[in-house]
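For reference, target15.txt (compact mmCIF, C-alpha atoms):
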# COMPACT_ATOMS: atom_id res chain seq x y z
CA MET W 1 -15.14 -30.88 18.25
CA GLU W 2 -15.99 -30.79 14.55
CA PHE W 3 -15.30 -27.96 12.13
CA GLU W 4 -19.05 -27.27 12.03
CA ASP W 5 -18.90 -26.32 15.72
CA LEU W 6 -16.23 -23.70 14.95
CA GLN W 7 -18.36 -22.45 12.08
CA ARG W 8 -21.32 -22.11 14.47
CA ILE W 9 -19.19 -20.05 16.89
CA TRP W 10 -18.09 -17.84 13.99
CA ASP W 11 -21.66 -17.30 12.81
CA GLU W 12 -22.76 -16.26 16.29
CA GLN W 13 -20.75 -13.03 16.11
CA LYS W 14 -23.31 -11.50 13.76
CA ASN W 15 -24.89 -9.60 16.63
CA GLU W 16 -21.62 -8.60 18.26
CA SER W 17 -20.59 -5.00 17.48
CA LEU W 18 -17.32 -4.10 19.15
CA TYR W 19 -16.56 -0.69 17.65
CA ALA W 20 -18.13 2.58 16.65
CA ILE W 21 -16.58 4.59 13.82
CA ASN W 22 -15.67 8.24 14.24
CA GLU W 23 -16.51 9.16 10.66
CA GLU W 24 -15.36 12.76 10.86
CA ALA W 25 -11.90 11.77 12.10
CA LEU W 26 -11.75 9.03 9.50
CA HIS W 27 -12.48 11.42 6.63
CA LYS W 28 -9.82 13.81 7.91
CA ARG W 29 -7.35 10.94 8.05
CA ILE W 30 -8.16 9.83 4.50
CA ALA W 31 -7.81 13.39 3.23
CA LYS W 32 -4.36 13.60 4.85
CA SER W 33 -3.18 10.29 3.55
CA ARG W 34 -0.25 10.66 1.27
CA ARG W 35 1.78 7.55 1.86
CA SER W 36 1.33 5.35 -1.15
CA ILE W 37 3.86 4.35 -3.79
CA GLU W 38 1.60 6.02 -6.33
CA PHE W 39 2.04 9.30 -4.50
CA GLY W 40 5.85 8.81 -4.42
CA LEU W 41 5.86 8.15 -8.16
CA ASN W 42 3.66 11.16 -8.89
CA MET W 43 5.90 13.37 -6.77
CA LEU W 44 9.03 12.10 -8.51
CA GLU W 45 7.60 12.50 -12.00
CA TRP W 46 6.00 15.90 -11.47
CA GLY W 47 9.07 16.98 -9.48
CA VAL W 48 11.39 16.20 -12.40
CA ILE W 49 9.03 17.76 -14.96
CA GLY W 50 8.38 20.84 -12.81
CA SER W 51 12.00 21.47 -11.81
CA SER W 52 13.14 21.06 -15.45
CA LEU W 53 10.60 23.56 -16.71
CA ILE W 54 11.28 26.03 -13.88
CA SER W 55 15.06 25.79 -14.52
CA LEU W 56 14.45 26.30 -18.23
CA PHE W 57 12.28 29.35 -17.54
CA ALA W 58 14.81 30.76 -15.03
CA LEU W 59 17.66 30.31 -17.51
CA TYR W 60 15.92 32.22 -20.29
CA LEU W 61 14.85 34.90 -17.82
CA ASN W 62 18.54 35.27 -16.90
CA TRP W 63 19.56 35.43 -20.56
CA VAL W 64 17.06 38.11 -21.59
CA GLY W 65 18.86 40.95 -23.39
CA ASP W 66 22.28 39.20 -23.39
CA PRO W 67 23.89 37.66 -26.47
CA ILE W 68 23.97 33.92 -25.69
CA PRO W 69 26.48 31.57 -27.37
CA LEU W 70 24.71 28.86 -29.37
CA GLY W 71 26.19 26.06 -27.23
CA TYR W 72 24.44 27.40 -24.13
CA HIS W 73 21.07 26.52 -25.66
CA LEU W 74 21.95 22.85 -25.19
CA ILE W 75 20.98 23.10 -21.50
CA PRO W 76 17.36 24.22 -22.05
CA VAL W 77 17.00 21.72 -24.90
CA MET W 78 18.21 18.99 -22.56
CA LEU W 79 15.74 20.11 -19.85
CA LEU W 80 12.89 20.07 -22.35
CA VAL W 81 13.84 16.59 -23.57
CA ILE W 82 14.00 15.30 -19.98
CA SER W 83 10.60 16.69 -18.97
CA THR W 84 8.95 15.37 -22.16
CA HIS W 85 10.57 11.96 -21.70
CA VAL W 86 9.38 11.71 -18.07
CA PHE W 87 5.87 12.80 -19.08
CA LEU W 88 5.68 10.10 -21.79
CA LEU W 89 6.99 7.44 -19.38
CA ARG W 90 4.34 8.51 -16.87
CA ARG W 91 1.55 7.99 -19.42
CA GLN W 92 2.98 4.61 -20.38
CA ARG W 93 3.06 3.59 -16.69
CA GLN W 94 -0.54 4.65 -16.09
CA ARG W 95 -1.74 2.64 -19.10
CA GLN W 96 0.07 -0.49 -17.91
CA ILE W 97 -1.16 -0.19 -14.31
CA ASP W 98 -4.80 -0.28 -15.48
CA GLU W 99 -4.28 -3.71 -17.04
CA TYR W 100 -3.87 -5.72 -13.82
CA PRO W 101 -6.83 -7.97 -12.85
CA PRO W 102 -8.84 -7.06 -9.72
CA THR W 103 -7.54 -9.94 -7.60
CA MET W 104 -5.13 -10.05 -4.67
CA VAL W 105 -2.40 -11.49 -6.90
CA GLY W 106 -3.25 -8.72 -9.37
CA GLU W 107 -2.92 -6.12 -6.59
CA LEU W 108 0.45 -7.56 -5.63
CA ASP W 109 1.64 -7.62 -9.25
CA LYS W 110 0.52 -4.02 -9.57
CA ALA W 111 2.31 -2.97 -6.37
CA ILE W 112 5.48 -4.80 -7.49
CA ALA W 113 5.27 -3.17 -10.93
CA GLN W 114 4.78 0.28 -9.38
CA ASN W 115 7.72 -0.30 -7.08
CA ASP W 116 9.79 -1.44 -10.08
CA PHE W 117 8.80 1.68 -11.96
CA LEU W 118 9.87 3.79 -9.00
CA VAL W 119 13.22 2.00 -8.66
CA LYS W 120 13.90 2.22 -12.41
CA ARG W 121 12.82 5.85 -12.49
CA ILE W 122 15.18 6.71 -9.63
CA GLN W 123 18.08 4.81 -11.23
CA THR W 124 17.36 6.47 -14.57
CA ALA W 125 17.10 9.86 -12.89
CA VAL W 126 20.65 9.50 -11.52
CA TRP W 127 22.22 9.04 -14.96
CA TRP W 128 19.81 10.75 -17.33
CA TYR W 129 18.65 13.64 -15.19
CA MET W 130 20.98 14.47 -12.31
CA LEU W 131 24.24 13.94 -14.19
CA PRO W 132 23.35 16.06 -17.27
CA VAL W 133 21.65 18.77 -15.21
CA PHE W 134 24.29 19.14 -12.52
CA GLY W 135 27.06 18.60 -15.09
CA GLY W 136 25.51 21.09 -17.50
CA PHE W 137 25.09 23.78 -14.87
CA THR W 138 28.61 23.16 -13.51
CA PHE W 139 30.09 23.73 -16.99
CA TYR W 140 27.82 26.72 -17.49
CA PHE W 141 29.03 28.40 -14.29
CA TYR W 142 32.63 27.45 -15.12
CA TYR W 143 32.60 28.95 -18.61
CA GLU W 144 30.39 31.89 -17.63
CA LYS W 145 33.01 32.98 -15.08
CA GLY W 146 30.50 35.19 -13.19
CA PRO W 147 31.36 36.97 -9.92
CA TYR W 148 30.86 33.80 -7.79
CA TRP W 149 31.70 31.26 -10.45
CA TRP W 150 33.89 28.92 -8.41
CA GLN W 151 31.51 28.96 -5.44
CA SER W 152 28.68 28.10 -7.85
CA VAL W 153 30.72 25.29 -9.40
CA LEU W 154 31.51 23.91 -5.95
CA ALA W 155 27.87 24.22 -4.89
CA MET W 156 26.74 22.34 -8.03
CA ILE W 157 29.28 19.55 -7.47
CA GLY W 158 28.29 19.35 -3.78
CA CYS W 159 24.57 19.24 -4.60
CA GLY W 160 25.21 16.58 -7.24
CA VAL W 161 27.18 14.33 -4.86
CA LEU W 162 24.66 14.83 -2.02
CA SER W 163 21.70 14.09 -4.30
CA TYR W 164 23.42 10.97 -5.64
CA CYS W 165 24.11 9.66 -2.11
CA GLY W 166 20.55 10.54 -1.01
CA VAL W 167 18.99 8.72 -3.94
CA LEU W 168 21.09 5.59 -3.38
CA TRP W 169 20.23 5.65 0.34
CA GLU W 170 16.51 5.97 -0.39
CA LEU W 171 16.68 3.06 -2.84
CA ARG W 172 18.44 0.73 -0.43
CA LYS W 173 16.53 1.81 2.66
CA PHE W 174 12.96 1.83 1.31
CA HIS W 175 12.28 0.70 -2.22
CA LEU W 176 14.39 -2.44 -2.63
CA PRO W 177 13.27 -3.95 0.75
CA LYS W 178 9.66 -3.07 -0.14
CA LYS W 179 10.01 -4.94 -3.42
CA GLN W 180 11.46 -7.99 -1.66
CA ASP W 181 8.58 -7.90 0.82
CA LEU W 182 5.96 -7.79 -1.91
CA GLN W 183 7.64 -10.63 -3.76
CA ALA W 184 7.69 -12.74 -0.57
CA LEU W 185 3.96 -12.12 -0.08
CA HIS W 186 3.33 -13.01 -3.73
CA LYS W 187 5.19 -16.27 -3.29
CA LEU W 188 3.23 -17.04 -0.11
CA LEU W 189 -0.04 -16.43 -1.92
CA SER W 190 0.79 -18.49 -4.99
CA GLN W 191 2.55 -21.48 -3.48
CA SER W 192 0.43 -24.52 -2.73
CA GLU W 193 2.85 -26.42 -0.51
CA MET F 1 -14.99 10.45 -10.08
CA GLU F 2 -16.19 13.48 -8.14
CA LYS F 3 -14.93 13.67 -4.56
CA ASN F 4 -18.46 14.15 -3.20
CA LYS F 5 -19.73 11.08 -5.04
CA GLN F 6 -16.72 9.10 -3.83
CA LYS F 7 -17.42 10.18 -0.25
CA GLN F 8 -21.07 9.17 -0.60
CA VAL F 9 -20.14 5.71 -1.91
CA PHE F 10 -17.51 5.29 0.79
CA ASP F 11 -19.95 6.21 3.57
CA THR F 12 -22.52 3.74 2.24
CA TRP F 13 -19.97 0.96 1.92
CA LEU F 14 -18.64 1.65 5.38
CA HIS F 15 -22.11 1.60 6.88
CA ASP F 16 -23.19 -1.58 5.09
CA HIS F 17 -19.98 -3.57 5.45
CA LYS F 18 -18.35 -2.40 8.66
CA ARG F 19 -18.77 -5.81 10.30
CA LEU F 20 -16.69 -7.33 7.52
CA LEU F 21 -13.94 -4.78 8.20
CA PHE F 22 -14.10 -5.43 11.94
CA LYS F 23 -13.59 -9.15 11.33
CA ILE F 24 -10.44 -8.42 9.35
CA LEU F 25 -9.23 -6.05 12.06
CA ARG F 26 -9.60 -8.69 14.74
CA ALA F 27 -7.82 -11.33 12.63
CA TYR F 28 -4.84 -9.13 11.73
CA ALA F 29 -4.33 -6.66 14.59
CA PHE F 30 -4.35 -7.47 18.27
CA THR F 31 -3.93 -4.22 20.19
CA SER F 32 -6.22 -1.20 20.04
CA ASP F 33 -3.47 0.99 18.55
CA ASP F 34 -2.76 -1.60 15.86
CA GLN F 35 -6.46 -2.01 15.11
CA GLU F 36 -6.77 1.74 14.80
CA ASP F 37 -3.76 1.89 12.46
CA LEU F 38 -4.97 -1.02 10.34
CA PHE F 39 -8.52 0.34 10.20
CA GLN F 40 -7.22 3.63 8.81
CA GLU F 41 -5.02 1.82 6.30
CA ILE F 42 -7.92 -0.35 5.13
CA CYS F 43 -10.26 2.64 4.85
CA ILE F 44 -7.70 4.55 2.77
CA GLN F 45 -7.35 1.57 0.42
CA VAL F 46 -11.13 1.09 0.17
CA TRP F 47 -11.55 4.81 -0.51
CA SER F 48 -8.88 4.73 -3.22
CA SER F 49 -10.44 1.65 -4.83
CA ILE F 50 -13.87 3.25 -5.35
CA PRO F 51 -13.13 4.80 -8.80
CA ASP F 52 -11.90 1.37 -10.00
CA PHE F 53 -15.10 -0.45 -8.96
CA ARG F 54 -17.00 -1.42 -12.13
CA GLY F 55 -19.81 -3.38 -10.48
CA GLU F 56 -18.59 -6.66 -11.98
CA SER F 57 -18.44 -8.29 -8.54
CA LYS F 58 -20.50 -7.90 -5.37
CA VAL F 59 -19.54 -4.88 -3.27
CA SER F 60 -18.80 -7.16 -0.29
CA THR F 61 -16.41 -9.26 -2.41
CA TRP F 62 -14.68 -6.12 -3.67
CA ILE F 63 -14.30 -4.70 -0.17
CA TYR F 64 -13.12 -8.06 1.14
CA ARG F 65 -10.40 -8.21 -1.51
CA VAL F 66 -9.20 -4.66 -0.99
CA ALA F 67 -9.32 -4.91 2.80
CA LEU F 68 -7.62 -8.30 2.98
CA TYR F 69 -4.86 -7.15 0.68
CA ALA F 70 -4.38 -4.03 2.81
CA ALA F 71 -4.32 -6.16 5.96
CA MET F 72 -1.75 -8.61 4.54
CA ALA F 73 0.53 -5.79 3.42
CA TRP F 74 0.06 -3.96 6.73
CA SER F 75 0.78 -7.12 8.69
CA ARG F 76 4.12 -7.66 6.93
CA LYS F 77 5.12 -4.03 7.34
CA GLU F 78 4.08 -4.02 10.99
CA ARG F 79 6.04 -7.18 11.74
CA LYS F 80 9.10 -5.73 10.08
CA TYR F 81 8.94 -2.38 11.84
CA ASN F 82 7.50 -3.69 15.08
CA GLY F 83 8.28 -1.26 17.89
CA LYS F 84 9.67 1.37 15.53
CA THR F 85 6.38 2.99 14.62
CA LYS F 86 5.10 5.91 16.65
CA PRO F 87 2.27 5.27 19.09
CA LEU F 88 -1.17 6.45 18.04
CA SER F 89 -2.18 7.74 21.46
CA ASP F 90 -1.69 11.34 20.31
CA VAL F 91 -3.86 10.89 17.23
CA THR F 92 -7.64 11.42 17.05
CA HIS F 93 -9.15 7.95 17.12
CA THR F 94 -11.29 6.83 14.22
CA LEU F 95 -12.35 3.64 15.94
CA VAL F 96 -14.06 3.67 19.34
CA ALA F 97 -14.31 0.42 21.28
CA LEU F 98 -17.80 -0.23 22.66
CA ASP F 99 -18.34 -1.74 26.09
CA ASN F 100 -20.26 -4.72 24.76
CA GLU F 101 -19.88 -8.05 26.44
CA ARG F 102 -17.39 -10.10 24.45
CA ASP F 103 -17.86 -13.74 23.59
CA SER F 104 -14.71 -15.50 24.81
CA ARG F 105 -15.16 -18.33 22.29
CA ILE F 106 -15.04 -15.84 19.41
CA ASP F 107 -12.00 -14.15 20.97
CA TRP F 108 -10.35 -17.57 21.15
CA LEU F 109 -11.19 -18.31 17.51
CA TYR F 110 -9.69 -14.98 16.37
CA ALA F 111 -6.57 -15.69 18.44
CA GLN F 112 -6.15 -19.01 16.59
CA ILE F 113 -6.75 -17.40 13.20
CA GLY F 114 -4.11 -14.83 14.16
CA GLN F 115 -1.56 -17.65 14.42
CA LEU F 116 -1.87 -18.40 10.69
CA ASN F 117 0.31 -16.66 8.11
CA GLU F 118 -1.11 -13.55 6.38
CA VAL F 119 -2.42 -15.40 3.34
CA ASP F 120 -3.99 -18.31 5.24
CA ARG F 121 -5.69 -15.82 7.56
CA SER F 122 -7.41 -14.27 4.53
CA ILE F 123 -8.53 -17.64 3.22
CA CYS F 124 -9.76 -18.65 6.67
CA LEU F 125 -11.93 -15.52 6.97
CA LEU F 126 -13.39 -16.05 3.50
CA MET F 127 -14.03 -19.72 4.24
CA LEU F 128 -15.80 -18.97 7.53
CA ASP F 129 -17.88 -16.29 5.82
CA GLY F 130 -19.15 -18.88 3.35
CA TYR F 131 -17.25 -18.03 0.17
CA SER F 132 -17.00 -20.93 -2.28
CA TYR F 133 -13.67 -22.31 -3.55
CA SER F 134 -14.17 -20.69 -6.94
CA GLU F 135 -15.14 -17.33 -5.40
CA MET F 136 -12.03 -17.42 -3.23
CA ALA F 137 -9.85 -18.44 -6.17
CA GLU F 138 -11.26 -15.59 -8.23
CA LEU F 139 -10.90 -13.08 -5.43
CA MET F 140 -7.33 -14.08 -4.61
CA GLY F 141 -6.20 -14.72 -8.17
CA ILE F 142 -5.01 -18.27 -7.46
CA THR F 143 -6.21 -21.68 -8.64
CA ASN F 144 -9.11 -23.68 -7.14
CA SER F 145 -6.77 -26.52 -6.24
CA ASN F 146 -4.44 -24.10 -4.47
CA VAL F 147 -7.39 -22.81 -2.45
CA GLY F 148 -8.41 -26.39 -1.69
CA ILE F 149 -4.98 -27.30 -0.38
CA LYS F 150 -4.84 -24.21 1.83
CA ILE F 151 -8.36 -24.79 3.20
CA HIS F 152 -7.60 -28.40 3.99
CA ARG F 153 -4.51 -27.32 5.92
CA ILE F 154 -6.36 -24.54 7.76
CA LYS F 155 -9.22 -26.83 8.79
CA GLN F 156 -6.75 -29.41 10.09
CA TYR F 157 -4.99 -26.72 12.09
CA LEU F 158 -8.21 -25.30 13.57
CA MET F 159 -9.49 -28.74 14.54
CA ARG F 160 -6.16 -29.59 16.15
CA VAL F 161 -6.00 -26.43 18.29
CA ALA F 162 -9.69 -26.77 19.19
CA LYS F 163 -9.08 -30.32 20.37
CA GLN F 164 -6.02 -29.27 22.36
CA HIS F 165 -8.04 -26.45 23.93
CA SER F 166 -10.91 -28.77 24.81
CA ASP F 167 -8.52 -31.35 26.23
CA SER F 168 -6.72 -28.76 28.35
CA LYS F 169 -10.04 -27.60 29.80
CA GLY F 170 -11.17 -31.20 30.30
CA ASP F 171 -14.53 -30.26 28.81
CA GLN F 172 -15.68 -31.04 25.28
CA ASN F 173 -17.83 -27.88 25.26
CA GLY F 174 -15.12 -25.77 26.78
CA ILE F 175 -14.60 -23.28 23.96
Translate the structure of the given file into structure tokens.
Amino acid sequence: MEFEDLQRIWDEQKNESLYAINEEALHKRIAKSRRSIEFGLNMLEWGVIGSSLISLFALYLNWVGDPIPLGYHLIPVMLLVISTHVFLLRRQRQRQIDEYPPTMVGELDKAIAQNDFLVKRIQTAVWWYMLPVFGGFTFYFYYEKGPYWWQSVLAMIGCGVLSYCGVLWELRKFHLPKKQDLQALHKLLSQSE
Amino acid sequence: MEKNKQKQVFDTWLHDHKRLLFKILRAYAFTSDDQEDLFQEICIQVWSSIPDFRGESKVSTWIYRVALYAAMAWSRKERKYNGKTKPLSDVTHTLVALDNERDSRIDWLYAQIGQLNEVDRSICLLMLDGYSYSEMAELMGITNSNVGIKIHRIKQYLMRVAKQHSDSKGDQNGI
């Protein structure tokens, strides 16, 4: 048998229709789809920006009418810096993502870059977001000495430790293996031997 | 892009190029649940790609690229998590199998293509659908010579398994 015979068999399937598409169900499925890395990144970025701004707003709402020591204003300033920084990084990421060529290698490079962004963002979030925020609030509750100050301090420390462990688990369980997988596929696509 | 416009484009693409998608399904997924899952994954990727389409390539080439990439990524994920994903039996099906008579020779050919690695499967489909070396190289983002080497290897493999199949049936026209 020659290759042309296989080609002839392949060409004969033109008249063979094996499936019908349930378009309504398909559109519902597409509308529900929220599984991509892009969605994870958007959630992370908007989550950090949103929670920073909400915390900032809640703090000032709490301080209305009270004389606030100058040092306390460091926390809202820090929250504002964090949300602005994340917003600028997000814009930088979107600009870079648009530059990949529309090829399969380009798609892979883009997916790897997005995954890298996500990993870096998570690692950065641990040190530049979680530590200052949880640390800041812990010191705030400690020096404020409100009615439940030590419970609040304990809760902040507990939340901080839990969040740190959760973030590390997510990195190791999902994002780093995903990156390795994409790199393996990239290698398979590019290698000629 | 407006959602309505995107839906309109998607419906047209789906209608005009569904056979192309079905070919990819048969090359990458081998059970009805897997085909359903992959079909949804491909459609989501094709849908998402619509705002990026600038008309610089043919629509079929664009869909081929997006769908093949989705299939390769799905295939790796599926292999990794094989048996750990939840069955789709409780989900509304988007793909309904028709009771058409199947050509066993085409089934055999898909089974052989399914033995190739994810990347070679893509190249094999493009080759059988008549894409030139340079079109494939452009679509995949690899060099012409790389495509040539892969095609040579794929052809050798297909000829070998076809010969083995013919020999085992004792009939040169057995497939």
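Summary of the local environment: counting all atoms listed in the file, residues at most 9 Å from range 54-58 of chain W, other than itself and those fewer than 6 positions away along its chain, are Ile75, Pro76, Val77, Leu79 and Leu80 of chain W.
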message = Just the number, please: distance in Å from CA of Val96 in chain F to CA of Ile21 in chain W, one decimal.
response =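 For CA of Val96 in chain F relative to CA of Ile21 in chain W, the distance reads 6.1 Å.
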If you take all atoms listed in the file and a cut-off of 6 Å, which residues of chain F touch chain W, and what are their nearest atom pairs and distances in Å to one decimal, in chain and number order, as CSV?
residue,atom,partner,partner_atom,distance
F:Ile44,CA,W:Ile30,CA,5.6
F:Thr94,CA,W:Asn22,CA,4.6
F:Leu95,CA,W:Ile21,CA,4.8
F:Val96,CA,W:Ala20,CA,5.0
F:Ala97,CA,W:Tyr19,CA,4.4
F:Leu98,CA,W:Tyr19,CA,5.2
F:Val119,CA,W:Leu189,CA,5.9
F:Leu139,CA,W:Thr103,CA,5.1
F:Met140,CA,W:Met104,CA,4.6
F:Gly141,CA,W:Thr103,CA,5.0
F:Asn146,CA,W:Ser192,CA,5.2
Residue contacts of range 135-145 of chain W (12 Å, only C-alpha atoms) excluding same-chain residues fewer than 4 positions away, as a PyMOL selection string = chain W and resi 55-56+59+63+68-69+71-79+126-131+149-161
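The space between CA of Thr31 in chain F and CA of Ser75 in chain F spans 12.8 Å.
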request  = Find the residues near Ala137 in chain F: any atom within 7 Å, counting all atoms listed in the file, skip ones fewer than 6 places away on the same chain, and give them as a ChimeraX atom specification.
outcome  = /F:143-144,147
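Considering the residues F:Lys58, F:Tyr64, F:Lys18, F:Ala27 and counting all atoms listed in the file, Gln45 in chain F has its shortest atom-to-atom contact with F:Tyr64.
CA of Lys187 in chain W is found 22.8 Å from CA of Tyr131 in chain F.
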key: Leu158 in chain F surroundings by only C-alpha atoms, 9 Å radius, close-in-sequence under 4 positions cut, as a list in words   = Phe3 and Leu6 of chain W; Leu109, Gln112, Ile113, Arg153, Ile154, Ala162 and Lys163 of chain F
task = Using all atoms listed in the file, determine which residues lie at most 9 Å from Leu25 in chain F, disregarding the query and same-chain residues fewer than 5 positions distant; provide the list as a list in words.
result = Leu20, Phe30, Asp34, Gln35, Glu36, Leu38, Phe39 and Ala71 of chain F
message = Taking all atoms listed in the file into account, name the residue in F:Glu78, F:Glu118, F:Glu2, F:Asp103 that is nearest to Ile24 in chain F.
response =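 Between F:Glu78, F:Glu118, F:Glu2, F:Asp103, the residue approaching Ile24 in chain F most closely is F:Glu118.
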Range 116-127 of chain W, all listed atoms, 6 Å padding on each side: what axis-aligned box centre and edge lengths in Å to one decimal come out, as lines of an AutoDock Vina configuration file?
center_x = 15.5
center_y = 4.2
center_z = -11.8
size_x = 25.4
size_y = 23.3
size_z = 18.3
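Shortest separation to Phe87 in chain W among W:Leu162, W:Val167, W:Val133, W:Leu53 occurs at residue W:Leu53, atoms counted being only C-alpha atoms.
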task = Counting all atoms listed in the file, figure out which residue out of W:Pro147, W:Thr84, W:Ile112, W:Val64 gets nearest to Gly50 in chain W.
result = W:Thr84
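Counting all atoms listed in the file, the residue from W:Asp109, W:Gly40, W:His175, W:Ile122 that sits nearest to Ser163 in chain W is W:Ile122.
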task = Kindly indicate which residue among W:Gly146, W:Ile82, W:Leu89, W:Leu61 lies nearest to Leu118 in chain W, using only C-alpha atoms for the distances.
result = W:Leu89
